[in-house]
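Participant: File query.txt follows (compact mmCIF, C-alpha atoms):
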# COMPACT_ATOMS: atom_id res chain seq x y z
CA MET A 1 5.34 4.08 0.58
CA THR A 2 4.58 5.07 4.16
CA MET A 3 1.03 5.54 5.42
CA ARG A 4 1.66 9.28 5.69
CA GLN A 5 2.73 9.46 2.05
CA LYS A 6 -0.23 7.36 0.95
CA VAL A 7 -2.72 9.47 2.90
CA ASN A 8 -1.20 12.69 1.56
CA GLY A 9 -1.40 11.31 -1.98
CA LEU A 10 -5.06 10.35 -1.59
CA ARG A 11 -5.87 13.76 -0.09
CA ALA A 12 -4.12 15.55 -2.96
CA ARG A 13 -6.04 13.54 -5.56
CA ALA A 14 -9.32 14.24 -3.77
CA ARG A 15 -8.63 17.98 -3.83
CA VAL A 16 -7.78 17.90 -7.53
CA TYR A 17 -11.03 16.13 -8.40
CA ARG A 18 -13.04 18.38 -6.09
CA LEU A 19 -11.64 21.48 -7.78
CA ALA A 20 -12.23 19.91 -11.20
CA SER A 21 -15.87 19.18 -10.32
CA VAL A 22 -16.39 22.77 -9.14
CA ALA A 23 -14.75 24.08 -12.31
CA ALA A 24 -16.88 21.83 -14.50
CA THR A 25 -20.04 22.99 -12.75
CA LEU A 26 -19.10 26.68 -13.15
CA LEU A 27 -18.16 26.20 -16.80
CA GLY A 28 -21.41 24.35 -17.35
CA GLY A 29 -23.39 27.20 -15.83
CA ILE A 30 -21.55 29.80 -17.89
CA GLY A 31 -22.05 27.77 -21.06
CA LEU A 32 -25.78 27.38 -20.47
CA CYS A 33 -26.16 31.09 -19.71
CA THR A 34 -24.36 31.90 -22.96
CA ALA A 35 -26.64 29.59 -24.91
CA LEU A 36 -29.77 31.08 -23.31
CA ALA A 37 -28.56 34.59 -24.07
CA ALA A 38 -27.94 33.64 -27.72
CA MET A 39 -31.41 32.12 -28.00
CA ALA A 40 -32.96 35.25 -26.46
CA LEU A 41 -31.24 37.38 -29.10
CA VAL A 42 -32.62 35.19 -31.86
CA VAL A 43 -36.17 35.24 -30.45
CA SER A 44 -36.11 39.03 -30.09
CA GLY A 45 -34.89 39.40 -33.66
CA ALA A 46 -31.88 41.37 -32.58
CA VAL A 47 -29.49 39.10 -34.51
CA PRO A 48 -29.96 36.60 -37.33
CA VAL A 49 -30.00 32.89 -36.54
CA VAL A 50 -26.76 32.24 -38.43
CA SER A 51 -24.77 35.05 -36.79
CA MET A 52 -21.43 34.35 -35.12
CA ALA A 53 -22.85 35.37 -31.74
CA VAL A 54 -25.61 32.81 -31.95
CA MET A 55 -23.31 30.06 -33.16
CA GLY A 56 -20.81 30.84 -30.43
CA GLY A 57 -23.53 30.84 -27.83
CA LEU A 58 -24.86 27.48 -28.96
CA ILE A 59 -21.39 25.97 -29.00
CA GLY A 60 -20.82 27.34 -25.49
CA GLY A 61 -24.12 25.82 -24.45
CA MET A 62 -23.13 22.39 -25.74
CA GLY A 63 -19.83 22.68 -23.89
CA GLY A 64 -21.72 23.69 -20.76
CA ILE A 65 -23.97 20.65 -20.99
CA GLY A 66 -20.89 18.44 -21.35
CA SER A 67 -19.26 20.06 -18.32
CA LEU A 68 -22.39 19.56 -16.25
CA MET A 69 -22.54 15.92 -17.30
CA ILE A 70 -19.00 15.14 -16.17
CA ALA A 71 -19.22 17.17 -12.93
CA PRO A 72 -20.93 14.35 -10.94
CA ASN A 73 -18.24 11.86 -11.99
CA LEU A 74 -15.52 14.26 -10.89
CA ARG A 75 -17.33 14.80 -7.60
CA ALA A 76 -17.61 11.03 -7.13
CA LYS A 77 -13.86 10.69 -7.71
CA ALA A 78 -13.17 13.31 -5.05
CA LEU A 79 -15.46 11.55 -2.60
CA LEU A 80 -13.79 8.21 -3.42
CA TYR A 81 -10.33 9.53 -2.59
CA TYR A 82 -11.55 11.21 0.59
CA GLY A 83 -13.17 7.88 1.53
CA ARG A 84 -9.99 5.95 0.83
CA GLU A 85 -8.04 8.43 2.95
CA MET A 86 -10.40 7.76 5.85
CA VAL A 87 -10.02 3.99 5.36
CA GLU A 88 -6.24 4.36 5.60
CA LEU A 89 -6.70 6.35 8.82
CA ALA A 90 -9.14 3.69 10.13
CA ASP A 91 -11.88 6.33 10.44
CA TYR A 92 -14.49 3.99 8.98
CA PRO A 93 -17.68 5.95 9.82
CA ARG A 94 -16.37 9.01 7.96
CA ALA A 95 -15.19 6.76 5.13
CA MET A 96 -18.72 5.38 4.81
CA ALA A 97 -20.19 8.89 4.64
CA TYR A 98 -17.94 9.77 1.70
CA LEU A 99 -18.27 6.44 -0.08
CA ASN A 100 -22.06 6.21 0.18
CA LYS A 101 -22.29 9.59 -1.56
CA ALA A 102 -19.79 8.43 -4.18
CA ALA A 103 -21.85 5.28 -4.83
CA THR A 104 -24.95 7.44 -5.37
CA LEU A 105 -23.14 9.61 -7.93
CA ALA A 106 -21.27 6.74 -9.64
CA PRO A 107 -23.30 3.52 -9.09
CA TYR A 108 -21.33 1.57 -11.72
CA ALA A 109 -17.81 2.44 -10.54
CA PRO A 110 -16.13 -0.70 -9.15
CA SER A 111 -13.46 1.35 -7.34
CA VAL A 112 -16.14 2.84 -5.07
CA TYR A 113 -17.36 -0.60 -4.02
CA ILE A 114 -13.81 -1.83 -3.47
CA ALA A 115 -13.13 1.04 -1.07
CA ARG A 116 -16.51 0.70 0.64
CA SER A 117 -15.91 -3.04 1.09
CA MET A 118 -12.75 -2.19 3.04
CA ALA A 119 -14.70 0.29 5.17
CA TYR A 120 -17.42 -2.26 5.88
CA LYS A 121 -14.75 -4.76 6.94
CA GLY A 122 -13.26 -2.19 9.29
CA LEU A 123 -16.69 -1.69 10.86
CA GLY A 124 -17.13 -5.44 11.28
CA HIS A 125 -19.95 -5.71 8.70
CA VAL A 126 -18.51 -8.77 6.98
CA ASP A 127 -21.57 -9.65 4.89
CA LEU A 128 -21.77 -6.12 3.49
CA ALA A 129 -18.02 -6.15 2.82
CA PHE A 130 -18.39 -9.31 0.74
CA GLU A 131 -21.47 -7.89 -0.99
CA ASP A 132 -19.55 -4.83 -2.17
CA ALA A 133 -16.51 -6.90 -3.16
CA ASP A 134 -18.77 -9.18 -5.22
CA ARG A 135 -20.41 -6.14 -6.81
CA ALA A 136 -17.00 -4.74 -7.81
CA VAL A 137 -15.95 -8.05 -9.38
CA ASN A 138 -19.26 -8.42 -11.22
CA LEU A 139 -18.95 -4.90 -12.65
CA ALA A 140 -15.37 -5.50 -13.83
CA PRO A 141 -14.42 -9.20 -13.73
CA ASP A 142 -10.88 -8.61 -14.99
CA LEU A 143 -10.04 -5.62 -12.78
CA VAL A 144 -7.15 -6.73 -10.59
CA ALA A 145 -8.02 -4.36 -7.73
CA GLY A 146 -11.46 -5.95 -7.39
CA ARG A 147 -10.09 -9.49 -7.45
CA LEU A 148 -7.39 -8.51 -4.94
CA ALA A 149 -9.88 -6.90 -2.56
CA ARG A 150 -12.13 -9.95 -2.62
CA ALA A 151 -9.22 -12.38 -2.38
CA ARG A 152 -8.00 -10.60 0.75
CA LEU A 153 -11.45 -10.81 2.27
CA PHE A 154 -11.61 -14.52 1.47
CA ALA A 155 -8.16 -15.08 2.97
CA ASP A 156 -8.91 -13.05 6.11
CA TYR A 157 -11.95 -15.22 6.83
CA GLY A 158 -10.32 -18.55 6.07
CA LEU A 159 -11.72 -19.04 2.55
CA LEU A 160 -8.30 -19.74 1.13
CA GLU A 161 -9.31 -21.75 -1.94
CA GLU A 162 -11.67 -18.97 -3.00
CA ALA A 163 -8.89 -16.42 -2.50
CA ARG A 164 -6.56 -18.54 -4.61
CA GLU A 165 -9.13 -18.80 -7.41
CA ASP A 166 -9.60 -15.03 -7.54
CA LEU A 167 -5.86 -14.46 -7.73
CA LEU A 168 -5.34 -17.12 -10.40
CA HIS A 169 -8.15 -15.66 -12.52
CA ALA A 170 -6.58 -12.19 -12.34
CA LEU A 171 -3.12 -13.57 -13.14
CA GLU A 172 -4.46 -15.36 -16.22
CA GLN A 173 -5.68 -12.01 -17.53
CA HIS A 174 -2.67 -10.02 -16.30
CA PRO A 175 0.40 -12.31 -16.27
CA ALA A 176 2.74 -9.44 -15.34
CA TRP A 177 0.75 -8.49 -12.21
CA SER A 178 3.49 -8.58 -9.59
CA VAL A 179 1.25 -7.98 -6.57
CA GLY A 180 -0.84 -10.99 -7.59
CA TYR A 181 2.12 -13.37 -7.40
CA LEU A 182 3.16 -12.03 -3.99
CA GLU A 183 -0.39 -12.41 -2.68
CA LEU A 184 -0.72 -15.87 -4.24
CA ALA A 185 2.51 -16.96 -2.56
CA GLN A 186 1.14 -15.95 0.83
CA VAL A 187 -2.21 -17.66 0.21
CA GLN A 188 -0.41 -20.85 -0.85
CA LEU A 189 1.61 -20.64 2.33
CA ALA A 190 -1.59 -20.37 4.37
CA LEU A 191 -2.78 -23.49 2.52
CA ASN A 192 0.31 -25.31 3.87
CA ASP A 193 1.84 -25.43 0.41
CA PRO A 194 5.26 -23.75 0.72
CA GLU A 195 6.42 -25.36 -2.52
CA GLY A 196 3.46 -23.73 -4.29
CA SER A 197 4.46 -20.42 -2.75
CA LEU A 198 7.99 -20.79 -4.08
CA ARG A 199 6.65 -21.65 -7.55
CA ALA A 200 4.60 -18.45 -7.55
CA LEU A 201 7.65 -16.41 -6.53
CA ASP A 202 9.87 -18.09 -9.13
CA THR A 203 7.28 -17.24 -11.79
CA LEU A 204 7.26 -13.64 -10.63
CA VAL A 205 11.04 -13.33 -10.80
CA SER A 206 11.13 -14.92 -14.28
CA ARG A 207 8.30 -12.67 -15.57
CA LEU A 208 9.78 -9.41 -14.25
CA PRO A 209 13.54 -9.93 -14.19
CA ASP A 210 14.27 -6.22 -14.78
CA ASP A 211 12.33 -4.93 -11.77
CA PRO A 212 14.80 -4.98 -8.86
CA GLU A 213 12.31 -3.93 -6.16
CA ILE A 214 9.81 -6.66 -7.06
CA THR A 215 12.58 -9.24 -7.38
CA TYR A 216 13.93 -8.16 -3.99
CA ASP A 217 10.56 -8.66 -2.30
CA ALA A 218 10.10 -12.03 -3.98
CA LEU A 219 13.55 -13.26 -2.90
CA ILE A 220 13.07 -12.05 0.68
CA LEU A 221 9.73 -13.82 0.93
CA ALA A 222 11.25 -16.96 -0.62
CA GLY A 223 14.06 -16.88 1.92
CA LYS A 224 11.55 -16.51 4.74
CA ILE A 225 9.69 -19.60 3.45
CA TYR A 226 12.90 -21.62 3.23
CA GLU A 227 13.86 -20.52 6.74
CA GLU A 228 10.57 -20.79 8.60
CA ASN A 229 8.58 -23.39 6.69
CA LEU A 230 11.12 -25.71 5.09
CA ASN A 231 13.92 -25.40 7.70
CA ASP A 232 16.49 -24.98 4.93
CA LEU A 233 18.88 -22.34 6.24
CA ASP A 234 21.33 -22.67 3.36
CA ALA A 235 18.62 -21.99 0.77
CA ALA A 236 17.28 -19.12 2.88
CA ILE A 237 20.69 -17.49 3.17
CA GLU A 238 21.25 -17.91 -0.57
CA SER A 239 17.91 -16.23 -1.32
CA TYR A 240 18.63 -13.32 1.02
CA SER A 241 22.10 -12.98 -0.50
CA ARG A 242 20.61 -12.72 -4.00
CA ALA A 243 18.21 -10.03 -2.82
CA ILE A 244 20.61 -7.73 -0.98
CA PRO A 245 22.58 -6.37 -3.98
CA LEU A 246 19.30 -5.43 -5.72
CA ALA A 247 18.40 -2.89 -2.99
CA PRO A 248 21.47 -2.51 -0.76
CA ASP A 249 19.95 0.23 1.42
CA ARG A 250 16.92 -1.82 2.46
CA LYS A 251 17.39 -3.34 5.90
CA ILE A 252 15.21 -6.44 5.83
CA GLY A 253 17.63 -8.51 3.72
CA TYR A 254 20.58 -7.96 6.08
CA LEU A 255 18.42 -8.58 9.14
CA ARG A 256 16.87 -11.81 7.94
CA ARG A 257 20.23 -13.11 6.70
CA SER A 258 21.85 -12.15 10.00
CA TRP A 259 19.30 -14.16 11.96
CA ALA A 260 19.67 -17.20 9.68
CA LEU A 261 23.48 -16.98 9.94
CA ARG A 262 23.26 -16.73 13.71
CA ILE A 263 21.12 -19.88 13.88
CA ARG A 264 23.59 -21.65 11.60
CA GLY A 265 26.46 -20.61 13.87
CA ASP A 266 28.16 -18.07 11.56
CA LEU A 267 28.31 -15.43 14.29
CA GLN A 268 30.99 -13.19 12.75
CA GLN A 269 29.12 -12.86 9.46
CA ALA A 270 25.87 -12.30 11.38
CA ALA A 271 27.53 -9.43 13.27
CA GLU A 272 28.73 -7.90 10.00
CA ASP A 273 25.20 -7.99 8.55
CA LEU A 274 23.85 -6.27 11.66
CA LEU A 275 26.43 -3.51 11.34
CA GLU A 276 25.61 -3.14 7.64
CA ALA A 277 21.88 -2.78 8.38
CA ALA A 278 22.52 -0.23 11.14
CA SER A 279 24.76 1.83 8.86
CA ARG A 280 22.34 2.14 5.95
CA PRO A 281 20.44 5.43 5.43
CA LYS A 282 16.79 5.96 6.31
CA LEU A 283 14.26 4.93 3.65
CA ALA A 284 10.54 5.62 3.38
CA GLU A 285 9.67 2.09 4.48
CA ASP A 286 11.50 2.43 7.80
CA GLU A 287 10.75 6.09 8.47
CA ASP A 288 8.72 5.45 11.65
CA LEU A 289 11.17 3.02 13.25
CA TYR A 290 14.55 3.77 11.72
CA HIS A 291 16.50 4.33 14.94
CA TRP A 292 14.62 1.53 16.71
CA ILE A 293 15.87 -0.87 14.01
CA ARG A 294 19.40 0.50 14.44
CA ALA A 295 19.17 0.09 18.21
CA GLN A 296 18.17 -3.56 17.90
CA CYS A 297 20.94 -4.17 15.37
CA TYR A 298 23.55 -2.86 17.77
CA ALA A 299 21.97 -4.76 20.69
CA TRP A 300 22.19 -8.08 18.85
CA ARG A 301 25.66 -7.22 17.60
CA TYR A 302 26.75 -6.48 21.17
CA MET A 303 25.42 -9.90 22.20
CA ILE A 304 27.89 -11.39 19.71
CA THR A 305 30.92 -9.09 20.03
CA ARG A 306 30.66 -7.84 23.66
CA ASP A 307 32.42 -4.75 22.30
CA ARG A 308 31.81 -1.60 24.36
CA ARG A 309 31.63 0.42 21.16
CA ASP A 310 28.60 -1.61 20.06
CA ARG A 311 26.95 -1.04 23.43
CA ALA A 312 27.57 2.71 23.14
CA ALA A 313 26.12 2.72 19.62
CA TRP A 314 23.11 0.80 20.95
CA VAL A 315 22.43 3.40 23.65
CA GLU A 316 22.89 6.28 21.22
CA ALA A 317 20.46 4.71 18.75
CA LEU A 318 17.92 4.25 21.57
CA ARG A 319 18.23 7.94 22.44
CA ARG A 320 17.61 8.89 18.82
CA SER A 321 14.65 6.51 18.67
CA ALA A 322 13.16 7.99 21.85
CA ALA A 323 13.37 11.45 20.26
CA GLU A 324 12.64 10.85 16.58
CA ASP A 325 10.72 7.63 15.84
CA ALA A 326 6.96 7.08 15.84
CA PRO A 327 5.28 7.14 19.30
CA ARG A 328 5.11 3.37 19.68
CA TYR A 329 8.87 3.01 19.17
CA ARG A 330 9.71 6.11 21.20
CA PHE A 331 7.93 4.51 24.17
CA GLN A 332 9.80 1.21 23.74
CA ALA A 333 13.13 3.01 23.38
CA ARG A 334 12.54 4.92 26.64
CA GLN A 335 11.70 1.67 28.43
CA TRP A 336 14.93 0.10 27.21
CA LEU A 337 16.97 3.14 28.27
CA GLU A 338 15.45 2.94 31.75
CA LEU A 339 16.30 -0.76 32.01
CA LEU A 340 19.89 -0.19 30.89
CA ALA A 341 20.25 2.73 33.31
CA ALA A 342 19.07 0.41 36.12
CA GLY A 343 21.67 -2.18 35.16
CA GLN A 344 19.12 -4.56 33.64
CA PHE A 345 19.21 -6.12 30.20
CA PRO A 346 16.14 -5.86 27.90
CA THR A 347 14.63 -9.00 26.43
CA LEU A 348 15.70 -9.19 22.79
CA THR A 349 13.61 -10.69 20.01
CA PRO A 350 14.61 -11.38 16.39
CA VAL A 351 14.76 -8.03 14.61
CA SER A 352 13.12 -7.60 11.25
CA PRO A 353 10.99 -4.73 9.93
CA PRO A 354 7.57 -5.78 8.65
CA PHE A 355 7.34 -7.30 5.20
CA PRO A 356 6.27 -4.41 2.93
CA ALA A 357 2.50 -4.05 2.78
CA ILE A 358 0.94 -4.41 -0.65
CA SER A 359 -1.30 -1.51 -1.51
CA LEU A 360 -4.64 -1.41 -3.29
CA ASN A 361 -3.87 1.33 -5.83
Show me, as structure tokens, the structure contained in the file I just sent.

Facilitator:
Amino acid sequence: MTMRQKVNGLRARARVYRLASVAATLLGGIGLCTALAAMALVVSGAVPVVSMAVMGGLIGGMGGIGSLMIAPNLRAKALLYYGREMVELADYPRAMAYLNKAATLAPYAPSVYIARSMAYKGLGHVDLAFEDADRAVNLAPDLVAGRLARARLFADYGLLEEAREDLLHALEQHPAWSVGYLELAQVQLALNDPEGSLRALDTLVSRLPDDPEITYDALILAGKIYEENLNDLDAAIESYSRAIPLAPDRKIGYLRRSWALRIRGDLQQAAEDLLEAASRPKLAEDEDLYHWIRAQCYAWRYMITRDRRDRAAWVEALRRSAAEDAPRYRFQARQWLELLAAGQFPTLTPVSPPFPAISLN
């Protein structure tokens, strides 16, 4: 899921809850007015107490009270999603404005404190971020989102053992929590325990063998560990090769395998993987940099083949990137085009899109 899709989703949820809170408030007011009117009829003697009008009015009044009771919770939900949208956009002051109001309306909702913890972190208020993360965990000790938020805080500030303990606790309660295994693998890696990372990923694959996307991510991360931490290119290539058929349109598997093959000296196969990655259709995860990825694929392939057709494809992909990709990549593509037009060769770096970010849903 791209940031744009996530932000749009949060905004849509916020609007739904805002409309629901308004509707609940209006229904509550109508119900109470109906009940008051029924009671006035009874007091005036215009209708008997047991009449249908009175009973209907009282029932409407009870429904109105119920609507008014749930309206603050619906409003808090709307504020929460608006706050989360602002966190995603890194507009932390506005996020705090929404989330403080949500906390007032729903003081026992752990999701509010999780989101506000992220906003505090963005503002640099680390102590307050930990305070809200602790509050969320204390309110719901087995809620994975709370454990994940606090574990990420721990990891970001070097408290890796504490992060590991939070993740292990959540995984004990939710053994099929795929995000937890991926996070645990990365924490273990930060603890200089690549074997522990691989064990976490193996457990994930064995627990969720029928989920190709999760298995793909686990195998790609395992290959990266073999390649970069254990210097085992054969195992890395095998892991990437197991991943690729599970999601053949995703680029990262081809790109990582291509680089490992190039290091090993299998240049022809590396060139084929680069062509395969460049030929695959655009997916949500590479929406902002699709043509930039293709341009780098053709650049590296040209370094191997020295084929003029690869150079032409490289230039064409750069032109598309300069016109269609996100601003950061458009700027880089224009710089490369200027260098090539001046007869200079850009400095190439290993090409790989970012490892997919894990979301706090």

Participant: Can you measure atom CA of A:Leu139 to atom CA of A:Val179 for me? One decimal in Å is fine.

Facilitator: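 Calculated distance between atom CA of A:Leu139 and atom CA of A:Val179 is 21.3 Å.
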
Participant: When you draw a straight line from atom CA of A:Gly253 to atom CA of A:Tyr226, how long is it in Å?

Facilitator: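 So the two atoms, atom CA of A:Gly253 and atom CA of A:Tyr226, lie 13.9 Å apart.
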
Participant: So the first atom is atom CA of A:Ala236 and the second is atom CA of A:Ser206; what is the distance between them in Å, to one decimal place?

Facilitator: 18.7 Å

Participant: Name the closest residue to A:Gln332 among the candidates A:Asp249, A:Pro175, A:Thr305, A:Gln296; distances are taken between atoms, counting only C-alpha atoms.

Facilitator: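 Of the candidates, the smallest distance to A:Gln332 is held by A:Gln296.
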
Participant: Could you check which of A:Asp310, A:Asp266, A:Asp232, A:Asp325 is closest to A:Ala278, using only C-alpha atoms?

Facilitator: A:Asp310

Participant: Wanna dump the stretch 241-274 of chain A-stretch 334-353 of chain A contacts at 7 Å for me, each residue with its shortest atom pair and the distance in Å to one decimal, counting all atoms listed in the file, ordered by chain and number, as a Markdown table?

Facilitator:
| residue | atom | partner | partner_atom | distance |
| --- | --- | --- | --- | --- |
| A:Ile252 | CA | A:Ser352 | CA | 5.9 |
| A:Leu255 | CA | A:Ser352 | CA | 5.8 |
| A:Arg256 | CA | A:Ser352 | CA | 6.5 |

Participant: If we count only C-alpha atoms and set the cut-off at 9 Å, which residues sit around A:Asp166, ignoring sequence neighbours fewer than 6 positions away in its own chain? Please answer as a VMD selection string.

Facilitator: chain A and resid 147 to 148 150 to 151

Participant: Env of A:Ser117: 6 Å cut, atoms = all atoms listed in the file, seq-sep filter 5 positions within chain, self excluded. Answer as an MDAnalysis selection string.

Facilitator: chainID A and resid 129 132:133

Participant: Would you compute an axis-aligned box for stretch 281-300 of chain A, covering every atom listed for it in the file with 5 Å of margin on each side, and report centre and edge lengths in Å to one decimal as JSON?

Facilitator:
{"center_x": 16.1, "center_y": -1.0, "center_z": 12.0, "size_x": 24.8, "size_y": 24.2, "size_z": 27.3}

Participant: Have a look at A:Glu324, A:Glu172, A:Asp202, A:Glu161 and name the one nearest to A:Gln188; count all atoms listed in the file.

Facilitator: A:Glu161

Participant: I need the residue nearest A:Arg280 from this list: A:Cys297, A:Tyr92, A:Ala145, A:Arg311. Use all atoms listed in the file for the distance.

Facilitator: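 Once distances to A:Arg280 are computed over all atoms listed in the file, the minimum belongs to A:Cys297.
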
Participant: Skip A:Arg116 itself and residues of its chain fewer than 3 positions away, then list as a PyMOL selection string all residues within 12 Å of it, counting only C-alpha atoms.

Facilitator: chain A and resi 79-88+92-103+109-113+119-123+125-126+128-136+146+149-150

Participant: Got a sec to check which residues sit within 12 Å of (20.9, 10.3, 20.4), counting all atoms listed in the file, and write them as a list in words?

Facilitator: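 The residues near that point, listed by chain and number, are His291, Trp292, Arg294, Ala295, Ala312, Ala313, Trp314, Val315, Glu316, Ala317, Leu318, Arg319, Arg320, Ser321, Ala322, Ala323, Glu324, Asp325, Arg330, Ala333, Arg334 and Leu337 of chain A.
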